[in-house]
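Here is the file protein_3.cif (mmCIF, C-alpha atoms and all ligand atoms).
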data_entry
#
loop_
_atom_site.label_atom_id
_atom_site.label_comp_id
_atom_site.auth_asym_id
_atom_site.auth_seq_id
_atom_site.Cartn_x
_atom_site.Cartn_y
_atom_site.Cartn_z
CA MET O 1 -30.26 -76.34 -19.39
CA LEU O 2 -31.25 -79.36 -17.35
CA LEU O 3 -33.33 -79.41 -14.18
CA ALA O 4 -32.32 -82.51 -12.19
CA ILE O 5 -34.68 -83.51 -9.37
CA ASP O 6 -33.69 -85.95 -6.60
CA CYS O 7 -36.78 -86.66 -4.56
CA GLY O 8 -36.17 -88.56 -1.31
CA ASN O 9 -38.65 -89.53 1.39
CA THR O 10 -37.67 -86.49 3.49
CA ASN O 11 -36.20 -83.90 1.13
CA THR O 12 -36.26 -83.09 -2.57
CA VAL O 13 -33.22 -81.48 -4.16
CA PHE O 14 -33.43 -79.49 -7.40
CA ALA O 15 -30.26 -78.75 -9.37
CA VAL O 16 -29.92 -76.50 -12.41
CA GLN O 17 -27.25 -77.85 -14.73
CA ASN O 18 -25.53 -76.22 -17.67
CA GLY O 19 -23.77 -79.25 -19.14
CA SER O 20 -21.68 -80.64 -16.29
CA GLU O 21 -21.65 -77.28 -14.48
CA THR O 22 -24.04 -76.98 -11.52
CA LEU O 23 -25.49 -73.45 -11.44
CA ALA O 24 -27.52 -73.92 -8.27
CA THR O 25 -29.04 -76.54 -5.95
CA TRP O 26 -32.13 -75.98 -3.81
CA ARG O 27 -33.82 -78.20 -1.25
CA ILE O 28 -37.48 -78.47 -0.29
CA ALA O 29 -39.31 -80.86 2.05
CA THR O 30 -40.89 -83.71 0.12
CA ASP O 31 -44.67 -83.37 0.10
CA HIS O 32 -46.82 -85.23 -2.39
CA LYS O 33 -49.54 -82.58 -2.04
CA ARG O 34 -47.29 -79.87 -3.50
CA THR O 35 -48.61 -78.85 -6.93
CA ALA O 36 -46.70 -78.02 -10.11
CA ASP O 37 -47.66 -74.36 -9.68
CA GLU O 38 -46.27 -74.32 -6.15
CA TYR O 39 -42.98 -75.83 -7.31
CA TYR O 40 -42.74 -73.25 -10.06
CA VAL O 41 -43.40 -70.25 -7.82
CA TRP O 42 -40.72 -71.50 -5.42
CA LEU O 43 -38.22 -72.25 -8.18
CA SER O 44 -38.71 -69.01 -10.07
CA SER O 45 -38.30 -66.88 -6.96
CA LEU O 46 -35.01 -68.64 -6.14
CA ILE O 47 -33.81 -68.08 -9.69
CA LEU O 48 -34.70 -64.41 -9.37
CA LEU O 49 -33.10 -64.04 -5.92
CA ASN O 50 -29.88 -65.57 -7.20
CA ARG O 51 -29.98 -63.39 -10.34
CA LEU O 52 -29.50 -66.45 -12.52
CA GLU O 53 -29.94 -66.64 -16.29
CA VAL O 54 -31.86 -69.89 -16.48
CA GLN O 55 -33.43 -71.52 -19.54
CA ILE O 56 -34.64 -74.99 -18.61
CA SER O 57 -35.49 -77.22 -21.54
CA GLU O 58 -34.91 -80.69 -20.06
CA VAL O 59 -35.89 -82.41 -16.81
CA ILE O 60 -34.76 -85.66 -15.15
CA ILE O 61 -36.42 -87.03 -12.02
CA SER O 62 -35.42 -89.71 -9.51
CA SER O 63 -38.12 -90.25 -6.93
CA THR O 64 -38.34 -92.70 -4.04
CA VAL O 65 -41.89 -91.45 -3.49
CA PRO O 66 -44.07 -92.57 -6.42
CA ARG O 67 -46.90 -90.13 -5.63
CA VAL O 68 -44.82 -86.98 -6.17
CA VAL O 69 -43.90 -87.91 -9.73
CA PHE O 70 -47.28 -86.84 -11.10
CA ASN O 71 -46.93 -83.20 -10.05
CA LEU O 72 -43.26 -83.08 -11.10
CA ARG O 73 -44.30 -84.32 -14.55
CA VAL O 74 -46.90 -81.54 -14.71
CA LEU O 75 -44.19 -79.03 -13.70
CA ALA O 76 -41.97 -80.18 -16.60
CA ASP O 77 -44.81 -80.19 -19.08
CA ARG O 78 -46.50 -76.90 -18.11
CA TYR O 79 -43.53 -74.72 -17.30
CA PHE O 80 -40.59 -76.18 -19.20
CA ASP O 81 -42.49 -77.61 -22.15
CA CYS O 82 -40.78 -81.00 -21.99
CA ARG O 83 -41.37 -84.64 -21.13
CA PRO O 84 -39.19 -85.52 -18.14
CA LEU O 85 -36.98 -88.57 -18.00
CA VAL O 86 -37.98 -90.59 -14.91
CA VAL O 87 -35.39 -93.03 -13.50
CA GLY O 88 -36.89 -96.48 -13.10
CA LYS O 89 -39.41 -96.08 -15.94
CA PRO O 90 -38.84 -98.29 -18.99
CA GLU O 91 -38.11 -95.30 -21.24
CA CYS O 92 -35.17 -94.27 -19.04
CA ARG O 93 -32.17 -96.41 -19.91
CA LEU O 94 -29.35 -97.07 -17.48
CA PRO O 95 -25.68 -97.45 -18.38
CA HIS O 96 -25.70 -100.81 -16.51
CA GLU O 97 -28.71 -103.05 -15.90
CA PRO O 98 -29.08 -104.01 -12.22
CA ARG O 99 -28.62 -107.70 -11.37
CA VAL O 100 -31.25 -108.39 -8.71
CA ASP O 101 -34.15 -110.79 -8.09
CA LYS O 102 -36.72 -110.89 -10.88
CA GLY O 103 -39.71 -108.65 -10.23
CA THR O 104 -38.01 -106.56 -7.54
CA THR O 105 -37.85 -102.77 -7.78
CA VAL O 106 -34.64 -101.08 -6.76
CA GLY O 107 -34.94 -97.57 -5.33
CA PRO O 108 -34.07 -95.15 -8.14
CA ASP O 109 -31.80 -93.16 -5.78
CA ARG O 110 -29.70 -96.29 -5.32
CA LEU O 111 -29.41 -96.88 -9.07
CA VAL O 112 -28.45 -93.24 -9.56
CA ASN O 113 -25.86 -93.39 -6.76
CA THR O 114 -24.22 -96.45 -8.29
CA ALA O 115 -24.09 -94.86 -11.75
CA GLY O 116 -22.49 -91.71 -10.32
CA ALA O 117 -19.97 -93.61 -8.19
CA PHE O 118 -18.93 -96.02 -10.99
CA ASP O 119 -18.27 -93.06 -13.28
CA ARG O 120 -15.92 -91.52 -10.74
CA HIS O 121 -14.26 -94.58 -9.22
CA GLY O 122 -14.73 -97.61 -11.48
CA GLY O 123 -16.11 -100.94 -10.23
CA ASP O 124 -16.10 -102.97 -6.99
CA LEU O 125 -17.62 -100.25 -4.84
CA ILE O 126 -19.92 -99.87 -1.88
CA VAL O 127 -21.92 -96.62 -1.80
CA VAL O 128 -23.23 -95.66 1.63
CA ASP O 129 -26.05 -93.09 1.57
CA PHE O 130 -27.10 -91.48 4.87
CA GLY O 131 -30.63 -90.40 3.92
CA THR O 132 -34.03 -91.24 5.38
CA ALA O 133 -32.71 -94.80 5.30
CA THR O 134 -29.02 -95.69 5.48
CA THR O 135 -28.43 -97.65 2.31
CA PHE O 136 -25.47 -99.65 1.01
CA ASP O 137 -25.41 -100.09 -2.76
CA VAL O 138 -22.94 -102.62 -4.13
CA VAL O 139 -21.42 -102.01 -7.57
CA ASP O 140 -19.87 -104.96 -9.45
CA HIS O 141 -16.60 -104.69 -11.40
CA ASP O 142 -18.52 -103.83 -14.59
CA GLY O 143 -20.63 -101.07 -13.01
CA ALA O 144 -23.85 -103.03 -12.41
CA TYR O 145 -25.83 -102.62 -9.20
CA ILE O 146 -25.91 -106.10 -7.64
CA GLY O 147 -27.82 -105.45 -4.41
CA GLY O 148 -27.05 -104.06 -1.00
CA VAL O 149 -28.38 -103.29 2.42
CA ILE O 150 -31.19 -101.08 3.77
CA ALA O 151 -30.74 -100.03 7.41
CA PRO O 152 -32.83 -97.51 9.36
CA GLY O 153 -31.78 -93.90 8.84
CA VAL O 154 -29.89 -92.08 11.59
CA ASN O 155 -32.62 -89.50 12.28
CA LEU O 156 -35.25 -92.23 12.08
CA SER O 157 -33.48 -94.25 14.78
CA LEU O 158 -33.43 -91.28 17.15
CA GLU O 159 -37.07 -90.59 16.35
CA ALA O 160 -37.97 -94.22 17.05
CA LEU O 161 -36.39 -94.04 20.52
CA HIS O 162 -38.33 -90.87 21.30
CA MET O 163 -41.61 -92.31 20.00
CA ALA O 164 -41.33 -95.63 21.82
CA ALA O 165 -40.00 -94.58 25.22
CA ALA O 166 -41.94 -92.10 27.35
CA ALA O 167 -38.83 -90.75 29.12
CA LEU O 168 -36.70 -90.24 26.00
CA PRO O 169 -36.81 -86.76 24.45
CA HIS O 170 -36.45 -85.73 20.84
CA VAL O 171 -32.74 -85.15 20.19
CA ASP O 172 -30.69 -84.22 17.14
CA VAL O 173 -27.86 -86.34 15.88
CA THR O 174 -24.44 -85.08 16.81
CA LYS O 175 -21.05 -86.46 17.82
CA PRO O 176 -21.14 -86.90 21.62
CA ALA O 177 -18.27 -85.53 23.71
CA LYS O 178 -17.74 -88.94 25.34
CA ALA O 179 -18.84 -92.51 24.63
CA ILE O 180 -20.19 -92.83 28.19
CA GLY O 181 -23.11 -90.45 28.42
CA THR O 182 -23.79 -88.86 31.81
CA ASN O 183 -27.30 -87.64 30.97
CA THR O 184 -30.19 -88.98 28.88
CA VAL O 185 -29.50 -86.88 25.79
CA ALA O 186 -25.78 -87.70 25.82
CA CYS O 187 -26.56 -91.42 26.23
CA MET O 188 -28.93 -91.36 23.23
CA GLN O 189 -26.48 -89.42 21.10
CA SER O 190 -23.68 -91.84 21.94
CA GLY O 191 -25.90 -94.81 21.12
CA VAL O 192 -26.76 -93.49 17.71
CA TYR O 193 -23.38 -91.96 16.81
CA TRP O 194 -21.18 -94.90 17.86
CA GLY O 195 -23.92 -97.30 16.87
CA TYR O 196 -23.80 -96.07 13.25
CA ILE O 197 -20.00 -96.09 13.17
CA GLY O 198 -20.22 -99.75 14.19
CA LEU O 199 -23.09 -100.45 11.79
CA VAL O 200 -21.25 -99.02 8.81
CA GLU O 201 -17.96 -100.77 9.61
CA GLY O 202 -19.72 -104.08 10.36
CA ILE O 203 -21.83 -104.08 7.20
CA VAL O 204 -18.86 -103.12 5.00
CA ARG O 205 -16.81 -105.94 6.55
CA ALA O 206 -19.60 -108.46 5.89
CA ILE O 207 -20.00 -107.33 2.27
CA ARG O 208 -16.25 -107.46 1.64
CA ASN O 209 -16.03 -110.95 3.18
CA GLU O 210 -18.91 -112.15 1.03
CA ARG O 211 -17.34 -110.72 -2.14
CA GLY O 212 -13.84 -111.84 -1.17
CA ARG O 213 -12.18 -108.84 -2.75
CA ALA O 214 -11.14 -105.27 -2.08
CA MET O 215 -14.00 -102.78 -2.41
CA LYS O 216 -13.79 -99.01 -2.08
CA VAL O 217 -16.43 -97.32 0.05
CA ILE O 218 -17.91 -93.99 -1.06
CA ALA O 219 -20.19 -92.07 1.31
CA THR O 220 -22.92 -89.59 0.47
CA GLY O 221 -25.94 -87.95 2.13
CA GLY O 222 -26.23 -85.10 4.59
CA LEU O 223 -24.73 -86.96 7.56
CA ALA O 224 -21.81 -88.64 5.78
CA SER O 225 -19.22 -86.05 6.81
CA LEU O 226 -20.29 -86.24 10.46
CA PHE O 227 -19.54 -89.97 10.60
CA ALA O 228 -16.40 -89.67 8.47
CA GLN O 229 -14.71 -88.05 11.51
CA ASP O 230 -14.53 -91.38 13.31
CA THR O 231 -14.07 -94.03 10.68
CA ALA O 232 -11.34 -94.48 8.10
CA ILE O 233 -13.57 -96.70 5.99
CA PHE O 234 -14.67 -94.06 3.46
CA GLU O 235 -12.45 -93.53 0.45
CA SER O 236 -14.30 -90.23 -0.05
CA VAL O 237 -17.40 -88.30 0.98
CA GLU O 238 -19.30 -86.89 -2.00
CA ASP O 239 -22.38 -84.82 -1.27
CA ASP O 240 -23.12 -84.35 -4.97
CA LEU O 241 -23.01 -88.04 -5.88
CA THR O 242 -26.73 -88.49 -6.56
CA MET O 243 -26.84 -85.32 -8.70
CA HIS O 244 -23.76 -86.45 -10.59
CA GLY O 245 -25.48 -89.78 -11.32
CA LEU O 246 -28.65 -88.03 -12.49
CA VAL O 247 -26.77 -85.76 -14.91
CA LEU O 248 -24.87 -88.78 -16.21
CA ILE O 249 -28.02 -90.86 -16.79
CA HIS O 250 -29.62 -87.93 -18.58
CA GLN O 251 -26.60 -87.62 -20.89
CA TYR O 252 -26.53 -91.38 -21.45
CA ASN O 253 -30.16 -91.32 -22.62
CA LYS O 254 -29.48 -88.41 -24.98
CA ASP O 255 -26.48 -90.22 -26.46
CA ASN O 256 -28.38 -93.49 -26.88
CA GLN O 257 -31.75 -92.36 -28.20
N1 LIG O 301 -24.26 -82.10 11.00
C1 LIG O 301 -25.54 -82.46 10.87
N2 LIG O 301 -26.27 -82.73 11.96
C2 LIG O 301 -27.55 -83.08 11.85
N3 LIG O 301 -28.20 -83.23 10.69
C3 LIG O 301 -27.53 -82.98 9.58
C4 LIG O 301 -26.17 -82.59 9.59
N4 LIG O 301 -25.77 -82.41 8.32
C5 LIG O 301 -26.84 -82.70 7.54
N5 LIG O 301 -27.89 -83.05 8.30
C6 LIG O 301 -29.21 -83.48 7.87
O1 LIG O 301 -29.03 -84.39 6.83
C7 LIG O 301 -30.17 -84.35 5.99
C8 LIG O 301 -29.76 -84.21 4.56
O2 LIG O 301 -29.41 -85.46 4.13
P1 LIG O 301 -29.96 -86.09 2.82
O3 LIG O 301 -30.48 -85.07 1.89
O4 LIG O 301 -28.91 -87.01 2.37
O5 LIG O 301 -31.10 -86.99 3.37
P2 LIG O 301 -32.61 -86.70 3.65
O6 LIG O 301 -33.05 -85.53 2.90
O7 LIG O 301 -32.82 -86.70 5.13
O8 LIG O 301 -33.20 -88.04 3.12
P3 LIG O 301 -33.83 -88.39 1.72
O9 LIG O 301 -32.77 -88.13 0.69
O10 LIG O 301 -34.15 -89.82 1.89
O11 LIG O 301 -34.99 -87.47 1.61
C9 LIG O 301 -30.97 -83.13 6.34
O12 LIG O 301 -32.15 -83.55 6.99
C10 LIG O 301 -30.05 -82.36 7.28
O13 LIG O 301 -30.80 -81.71 8.25
C1 LIG O 302 -34.41 -97.53 0.55
C2 LIG O 302 -34.88 -96.13 0.12
C3 LIG O 302 -36.03 -95.67 0.97
C4 LIG O 302 -33.69 -95.18 0.32
O1 LIG O 302 -33.99 -93.90 -0.11
C5 LIG O 302 -35.26 -96.14 -1.39
O2 LIG O 302 -34.16 -96.47 -2.17
C6 LIG O 302 -36.40 -97.09 -1.68
O3 LIG O 302 -37.53 -96.80 -1.44
N1 LIG O 302 -36.05 -98.29 -2.25
C7 LIG O 302 -36.96 -99.30 -2.68
C8 LIG O 302 -36.51 -100.67 -2.31
C9 LIG O 302 -35.11 -101.05 -2.73
O4 LIG O 302 -34.29 -100.22 -3.06
O5 LIG O 302 -34.80 -102.25 -2.76
K K O 303 -30.78 -88.61 -0.77
#

Whole structure, structure tokens version:
Amino acid sequence: MLLAIDCGNTNTVFAVQNGSETLATWRIATDHKRTADEYYVWLSSLILLNRLEVQISEVIISSTVPRVVFNLRVLADRYFDCRPLVVGKPECRLPHEPRVDKGTTVGPDRLVNTAGAFDRHGGDLIVVDFGTATTFDVVDHDGAYIGGVIAPGVNLSLEALHMAAAALPHVDVTKPAKAIGTNTVACMQSGVYWGYIGLVEGIVRAIRNERGRAMKVIATGGLASLFAQDTAIFESVEDDLTMHGLVLIHQYNKDNQ
């Protein structure tokens, strides 16, 4: 069985895969101080609680936080007796090489998203990921990542308002009842909710104009379904897209050793 680890700047998701079947997914806050032993205690108690028969022999990691990779490597080595595949490292091959400026590093989550989306939908895609940042990953007709957009994340934008303005409280993102807020919290929620609807539609329009062709838009990330209520721009919302990409890249490396 494969342990697939998607480490973002806020949360890390672990999935146990038996071939293409997902047996379980678990989420933990990303913390570079967490040790391999701590991960293992947490993982093994979840396996026990869920009464799962789990035999992990392979590990793949995508991490947007370089510092956590060390302890995840130790986890794979010490507890699963394997060398993990790490997306973005030279030994991890990708089905399609990204076409970006020389010397630039693309976030591994973005490469994984594009691999997962191309497998499901073919080329000429825009993947929108509502994570710590809101990213747009553009997939060419042949499946290559050719660049995109990095915008501030939804929660980050609300946090920035709270941090910078003395009279603005901490609020959670939600769809406001009305566009015109009649109290501070409602005003902030409207700004962020309708602001992101506009941001997504505006950025997609600009990308499509630049490419001069039809491009499907696939959304992923925890907040994707919230925004999908008020825009028709998403072809589909796929919460498991990053995991799907990770499993795919793992299989690709096994097939092309
Ligand atoms: N309806 C909702 N309202 C508010 N927050 C939500 C809602 N649904 C999901 N979330 C939040 O979305 C986040 C999960 O999204 P996701 O895993 O894509 O990104 P992340 O963990 O914040 O970022 P990263 O992947 O960069 O670490 C969680 O923080 C969760 O609390
Ligand atoms: C943009 C984030 C933070 C989104 O998770 C991540 O993909 C990242 O750290 N990227 C590195 C820079 C880039 O993708 O161009
Ligand atoms: K993510």

For CA of Asp240 in chain O and CA of Phe118 in chain O, determine how far apart the two atoms are, in Å to one decimal place. 13.8 Å

Can I get the residues close to ligand LIG 301 (chain O) as a ChimeraX atom specification, where close means within 6 Å and we count all atoms listed in the file? /O:8-11,130-132,173-174,221-223,226

As a quick test: using all atoms listed in the file, which residues lie no more than 10 Å away from ligand LIG 302 (chain O)? Give them as a PyMOL selection string. chain O and resi 7-10+63-66+100+104-113+129-137+147-153

Looking at O:Ile47, O:Leu158, O:Val204, O:Val247, which one is nearest to Ile5 in chain O, with distances taken over only C-alpha atoms?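 The closest residue to Ile5 in chain O is O:Val247.
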
Residues near Gln229 in chain O, cut-off 12 Å, all atoms listed in the file, skip fewer than 5 positions along chain, as a PyMOL selection string: chain O and resi 174-175+193-194+197+223-224+234+236-237

Work out how far apart CA of Tyr39 in chain O and CA of Gly88 in chain O are and give it in Å to one decimal. 22.3 Å

Would you mind reading off the distance between CA of Gly123 in chain O and CA of Asp239 in chain O, one decimal, in Å?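 A separation of 19.5 Å between them.
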
Would you list the contacts of Leu168 in chain O as a PDB file with C-alpha atoms, in the frame of the given file, taking every protein, DNA or RNA residue within 8 Å and counting all atoms listed in the file, but skipping same-chain residues closer than 5 positions in sequence?
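The new file around.pdb reads:
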ATOM      1  CA  LEU O 161     -36.390 -94.040  20.520  1.00  0.00           C
ATOM      2  CA  HIS O 162     -38.330 -90.870  21.300  1.00  0.00           C
ATOM      3  CA  THR O 184     -30.190 -88.980  28.880  1.00  0.00           C
ATOM      4  CA  VAL O 185     -29.500 -86.880  25.790  1.00  0.00           C
TER       5      VAL O 185
END

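Proximity ranking of O:Asp101, O:Asp124, O:Asp142, O:Glu53 relative to Ala24 in chain O places O:Glu53 first, based on all atoms listed in the file.
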
Let me make sure I understand: among O:Ile146, O:Gly19, O:Leu72, O:Ser62, which one has the smallest atom-to-atom distance to Thr35 in chain O if we use all atoms listed in the file? O:Leu72

O:Val139, O:Val87, O:Lys178, O:Gly195 ranked by distance to Val154 in chain O, top pick (using all atoms listed in the file):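 Of all the options, O:Gly195 lies closest to Val154 in chain O.
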
Quick one: residues within 10 Å of Ile56 in chain O, all atoms listed in the file, excluding same-chain residues fewer than 4 positions away - as a PyMOL selection string? chain O and resi 1-3+16-18+76+79-82

Which polymer residues, protein or nucleic acid, are no farther than 6 Å from (-40.3, -80.5, 0.6), counting only C-alpha atoms, as a PyMOL selection string? chain O and resi 11-12+28-31

Check the smallest atom-to-atom distance from each of O:Thr220, O:Gln251, O:Ser225, O:Gln55 to ligand K 303 (chain O) using all atoms listed in the file, then report the winner. O:Thr220
